[in-house]
Amino acid sequence: MKKISYYLRCAAIISSVGLILSSCDKEFDLSKDINTDLSIGSSFSVPVGHTTKVNLSRIIKESATISPGTNSVYEVITSGTTSSSVNLSTVSFNITPMIGSVNINVPSITPAAAIKGSQQIDAGQISMESDPYNVNAKLPKEIEKLYRATLKNAETYLTIKLDTESWPAGIDAVVLKNFKISFPEILHLSGGGNVFSYGSDIVISADSRTVTLTIPFDYADIPEEKQSQYVVGADGDKSFVLNERLKVSADVQISISGVPQVNALTILFDNKAQGDVTVAGVAGVFNTDANINETIDINDIPDFLKNGTSSFTPNEVNFNLSLNNTLALPWNLNLGLESLKDNGQKSEMVNVPINANPGLNNILISNKQGADVVVADLPKLFEFIPDHFIISSPTDIILRSAGHTDLVELGREYVIDATYDVAIPFSFSKMKIEYSDDIDNLADDLDDVLDKVDTKNLIIDAVVETDIPVAMNAGVKLYDQGGNLLDDGIKVDLEKFVVNGDASGSVGTSPVTIKLTQVKEGYFKRLDRIEYTINADNVGNNVTLRSNQYVQVKDIVVRIPNAIKVTL
C-alpha cells in the first residue's frame with residue numbers, strides 16, 4: 001500500500017481517488033492515536049464491458065439422439081433469387097388474295113319498254129363462293145396451341161367491278177343491294193362476327209366502274225375442337241393455315257336508259273391485304289425453353305446436425321416462394337426440389353406443381369394442409385441433413401392461357417423473377433439451448449480496488465437481451481489466472497439469474513445478478529474469470545426457434561457493496 005506524506009502547512013493534496021484533503025494547523029500532532037482510515041462512498045462499481053451478440057445457430061445443442069417429436073422446433077431460414085426469360089417472336093399473316101366472279105343475267109327489254117326512259121330493273125340475286133381464301137402464318141416455335149390471335153394492320157380491301165373493257169350500251173349502272181360477304185367462322189371482324197354487311201347500295205357505273213370496300217378484322221379465334229384443323233405441323237414447327245371459300249350474296253338491280261346491248265354481265269371480286277398483317281397478341285399454350293435451376297446454400301444448421309450421424313423426419317417443412325410473373329397470362333411448371341450434401345449425396349426429387357398468375361405470387365409450399373400447394377413428400381428431403389437445396393424445373397415452363405382472352409404480346413422478351421424464402425422447422429423430441437461466455441481479466445480490473453477495499457462480497461450486475469422465446473436459467477463457474485477451477489473459497493449465489501425471452505419473439509431484456517461471497521481469505525485476488533452458462537433444458541411445445549434469434553449479455557458491472565477505505 002502506498003504511504004501518503006503531508007507537509008504541515010496550508011496545502012491541498014489530491015488523493016488517488018479524487019478526494020481533496022487540506023490542513024492549516026501546524027500545531028496538530030499526527031503521531032497521536034488517530035484513525036487515519038477514510039471511507040469513500042457506500043459502494044463501488046467497476047464496469048467490465050459486454051459480450052458479443054451470439055445467434056442461436058451457435059448455441060443450440062442436442063441433449064440426446066435426435067428423433068421425430070413435437071417438443072420443440074428449430075427453424076432454418078434461407079432465401080435467394082433466380083430468374084428465367086421467355087422470347088416470343090413476331091408473327092406475320094400471309095394472306096393470298098381472294099379472286100372470284102359472278103355472272104348476272106340481263107333481263108330482256110323491248111324497245112317499247114325502253115322508251116319509258118331511265119328505270120331500274122330487278123336482275124335477281126347473286127350467290128357465289130369464291131376461290132379459296134388462303135391465310136398462312138409460321139407460328140413461334142413455342143406455340144403448341146393457338147386459341148386467339150389479335151391482328152394488327154388487318155384491313156383487307158374488296159374491289160368490285162364489271163369484267164368489261166367498254167361500258168355496255170343501254171346500261172347506266174349496276175346496283176348491288178344488301179351486299180354481304182361471309183368469311184371463315186374463325187375470323188372476327190372489328191364490328192363483330194364473321195359476316196361483313198355493307199349498309200348502303202353499291203353502285204357500279206360508267207363514271208365509277210370500280211368500288212373498293214375496306215373490311216377490318218379484329219382477331220382469329222380457334223375453338224379447342226378445331227385446333228388440328230387450323231394449327232398444323234409438329235411442335236416447334238407449327239403454322240396457322242386457313243384455306244376456305246368466301247360466300248358473297250346480294251340483290252341486283254340494273255339501271256337502264258335504253259335497250260341493253262348485252263345479255264349478261266360478269267362482276268369481279270378481288271379481296272386482298274395491303275402489306276403484312278401482323279399479330280399483336282396471342283392466347284394459347286406455349287412450350288417455352290425457360291426454366292428455373294438454382295442451388296440454395298443452407299446456412300445456420302447447427303454443427304451437431306451436420307456431422308453425418310443425424311437423420312430424422314421433420315413434422316413440417318415450409319417453402320415460401322415469391323414469383324413475379326411479368327407476362328399477362330398464367331404460367332405452369334413442375335418444380336423439382338432436391339437436397340444435397342457436400343459429399344455428393346442427393347435425395348430423390350420431390351415434384352411440386354406451381355401455377356403463377358400475372359403479377360406477384362406469394363406461394364406457400366408445405367406438407368401441412370392449408371398451404372397454397374400441399375406436397376406430402378416434402379419431409380423426404382431430410383432423410384439426411386442437407387447442405388444445399390436444388391430448386392429446378394425438370395421440364396421447361398409451360399405458359400397456358402386460362403381463356404381465349406388471356407393474351408401475351410409477341411415480339412418481346414419476358415423475364416420471370418423468382419424470390420424464395422425457405423423456412424424449414426426441425427422438430428426434436430429432446431433438445432436444450434445452452435450458451436456459455438466469460439467475464440475475464442478480473443484480476444487486472446480489480447487489483448487496485450481490492451487493495452483499498454475490505455469486502456467479503458462482490459456483486460456482478462448485467463442485462464441479458466434475447467429474442468429466443470423461452471425461459472433460460474444459468475450456472476456459474478470461477479477460474480484463476482492459470483485456468484484452474486476455484487471450486488471452494490468463494491460461494492456463488494445466483495440471486496437473480498433467469499432470462500425470460502418474449503413468447504411473441506420480440507426482443508426482451510432481463511436484469512441479472514450474481515453474488516460472490518469470499519469464504520477463504522485471498523480468493524478474490526485469485527479470481528480472474530467468471531464463466532456463466534445460460535440454458536433451457538425443456539423447450540416447451542409449439543415453440544419455434546430460428547437461427548437468427550440471439551442472446552447477448554450487456555452492461556456488465558462488478559459492484560463492491562462496501563465503501564472504499566483509504567489510509568491517510
# chains A, B, ... in the order shown; residues from 1 in each chain; ligands from 1
$ residues_around --residues "stretch 222-224 of chain A" --least-positions-apart "6" --cutoff "12 Å" --atoms "only C-alpha atoms" --output "PyMOL selection string"
chain A and resi 145-150+184-188+230-231+240-242+282-285+403-405
$ select_by_dssp --residues "stretch 340-536 of chain A" --states "strand (DSSP E)" --output "PyMOL selection string"
chain A and resi 340+350-356+359-366+373-374+388-392+398-400+408-409+412-428+432-439+457-466+471-480+490-496+499-500+508-518+527-536
$ select_by_dssp --residues "stretch 227-370 of chain A" --states "alpha helix (DSSP H)" --output "PyMOL selection string"
chain A and resi 227-230
$ closest_residue --among "A:Phe286, A:Phe524, A:Tyr550, A:Trp167" --to "A:Leu139" --atoms "only C-alpha atoms"
A:Phe286
$ residues_around --residues "A:Glu413" --least-positions-apart "5" --cutoff "9 Å" --atoms "only C-alpha atoms" --output "list in words"
Ser85, Val86, Asn87, Leu88 and Ser89 of chain A
$ residues_around --residues "A:Glu155" --least-positions-apart "5" --cutoff "6 Å" --atoms "only C-alpha atoms" --output "PDB file with N, CA and C atoms, in the first residue's frame"
ATOM      1  N   ILE A 215     -62.539  -3.730 -95.263  1.00  0.00           N
ATOM      2  CA  ILE A 215     -63.097  -4.712 -94.318  1.00  0.00           C
ATOM      3  C   ILE A 215     -62.062  -4.936 -93.210  1.00  0.00           C
ATOM      4  N   PRO A 216     -62.260  -4.378 -92.009  1.00  0.00           N
ATOM      5  CA  PRO A 216     -61.265  -4.514 -90.920  1.00  0.00           C
ATOM      6  C   PRO A 216     -61.517  -5.767 -90.082  1.00  0.00           C
ATOM      7  N   PHE A 217     -60.433  -6.477 -89.787  1.00  0.00           N
ATOM      8  CA  PHE A 217     -60.517  -7.658 -88.932  1.00  0.00           C
ATOM      9  C   PHE A 217     -59.942  -7.352 -87.554  1.00  0.00           C
TER      10      PHE A 217
END
$ closest_residue --among "A:Ser101, A:Thr295, A:Thr288, A:Asn318" --to "A:Gly80" --atoms "only C-alpha atoms"
A:Thr295
$ closest_residue --among "A:Asn271, A:Thr156, A:Gln253, A:Ser506" --to "A:Asp122" --atoms "only C-alpha atoms"
A:Gln253
$ closest_residue --among "A:Leu450, A:Ile292, A:Leu516, A:Leu340" --to "A:Phe384" --atoms "only C-alpha atoms"
A:Leu340
$ closest_residue --among "A:Ser322, A:Asn548, A:Thr212, A:Gln518" --to "A:Thr159" --atoms "only C-alpha atoms"
A:Thr212
$ residues_around --residues "A:Asn243" --least-positions-apart "6" --cutoff "6 Å" --atoms "only C-alpha atoms" --output "list in words"
Pro132, Tyr133 and Asn134 of chain A
$ residues_around --residues "A:Ser182" --least-positions-apart "6" --cutoff "10 Å" --atoms "only C-alpha atoms" --output "MDAnalysis selection string"
chainID A and resid 129 193:197 245:249
$ write_last_selection --atoms "N, CA, C and O atoms" --output "PDB file, in the first residue's frame"
ATOM      1  N   GLU A 129     -69.590 -18.561-104.188  1.00  0.00           N
ATOM      2  CA  GLU A 129     -68.461 -18.985-103.360  1.00  0.00           C
ATOM      3  C   GLU A 129     -67.188 -18.632-104.106  1.00  0.00           C
ATOM      4  O   GLU A 129     -67.048 -18.948-105.298  1.00  0.00           O
ATOM      5  N   GLY A 193     -68.576 -10.636 -85.249  1.00  0.00           N
ATOM      6  CA  GLY A 193     -68.994 -11.697 -86.156  1.00  0.00           C
ATOM      7  C   GLY A 193     -68.044 -11.867 -87.312  1.00  0.00           C
ATOM      8  O   GLY A 193     -67.011 -11.200 -87.427  1.00  0.00           O
ATOM      9  N   ASN A 194     -68.415 -12.767 -88.238  1.00  0.00           N
ATOM     10  CA  ASN A 194     -67.571 -13.049 -89.395  1.00  0.00           C
ATOM     11  C   ASN A 194     -68.248 -12.674 -90.711  1.00  0.00           C
ATOM     12  O   ASN A 194     -67.765 -13.023 -91.784  1.00  0.00           O
ATOM     13  N   VAL A 195     -69.387 -11.973 -90.625  1.00  0.00           N
ATOM     14  CA  VAL A 195     -70.133 -11.581 -91.828  1.00  0.00           C
ATOM     15  C   VAL A 195     -70.040 -10.066 -91.994  1.00  0.00           C
ATOM     16  O   VAL A 195     -70.406  -9.307 -91.094  1.00  0.00           O
ATOM     17  N   PHE A 196     -69.546  -9.664 -93.145  1.00  0.00           N
ATOM     18  CA  PHE A 196     -69.445  -8.232 -93.461  1.00  0.00           C
ATOM     19  C   PHE A 196     -70.687  -7.838 -94.247  1.00  0.00           C
ATOM     20  O   PHE A 196     -70.963  -8.368 -95.326  1.00  0.00           O
ATOM     21  N   SER A 197     -71.454  -6.901 -93.700  1.00  0.00           N
ATOM     22  CA  SER A 197     -72.664  -6.397 -94.374  1.00  0.00           C
ATOM     23  C   SER A 197     -72.448  -4.921 -94.698  1.00  0.00           C
ATOM     24  O   SER A 197     -72.131  -4.129 -93.799  1.00  0.00           O
ATOM     25  N   ARG A 245     -63.410 -21.022 -98.601  1.00  0.00           N
ATOM     26  CA  ARG A 245     -64.037 -20.169 -99.599  1.00  0.00           C
ATOM     27  C   ARG A 245     -64.921 -19.131 -98.911  1.00  0.00           C
ATOM     28  O   ARG A 245     -65.507 -19.390 -97.865  1.00  0.00           O
ATOM     29  N   LEU A 246     -64.980 -17.954 -99.523  1.00  0.00           N
ATOM     30  CA  LEU A 246     -65.859 -16.908 -99.038  1.00  0.00           C
ATOM     31  C   LEU A 246     -67.202 -16.989 -99.776  1.00  0.00           C
ATOM     32  O   LEU A 246     -67.268 -17.382-100.946  1.00  0.00           O
ATOM     33  N   LYS A 247     -68.243 -16.566 -99.072  1.00  0.00           N
ATOM     34  CA  LYS A 247     -69.565 -16.566 -99.675  1.00  0.00           C
ATOM     35  C   LYS A 247     -70.042 -15.121 -99.840  1.00  0.00           C
ATOM     36  O   LYS A 247     -70.000 -14.348 -98.894  1.00  0.00           O
ATOM     37  N   VAL A 248     -70.477 -14.812-101.078  1.00  0.00           N
ATOM     38  CA  VAL A 248     -70.928 -13.467-101.401  1.00  0.00           C
ATOM     39  C   VAL A 248     -72.389 -13.542-101.827  1.00  0.00           C
ATOM     40  O   VAL A 248     -72.792 -14.424-102.596  1.00  0.00           O
ATOM     41  N   SER A 249     -73.185 -12.587-101.337  1.00  0.00           N
ATOM     42  CA  SER A 249     -74.592 -12.542-101.755  1.00  0.00           C
ATOM     43  C   SER A 249     -75.047 -11.092-101.866  1.00  0.00           C
ATOM     44  O   SER A 249     -74.520 -10.208-101.174  1.00  0.00           O
TER      45      SER A 249
END
$ closest_residue --among "A:Leu442, A:Ile459, A:Val476, A:Val492" --to "A:Leu527" --atoms "only C-alpha atoms"
A:Leu442
$ atom_distance --atom1 "atom CA of A:Ile416" --atom2 "atom CA of A:Pro379"
27.8 Å
$ residues_around --residues "A:Ala280" --least-positions-apart "5" --cutoff "9 Å" --atoms "only C-alpha atoms" --output "list of chain:residue names"
A:Thr90, A:Val91, A:Ala149, A:Thr150, A:Leu151, A:Lys152, A:Val408, A:Glu409, A:Leu410, A:Gly411
$ atom_distance --atom1 "atom CA of A:Ala418" --atom2 "atom CA of A:Asp235"
27.5 Å
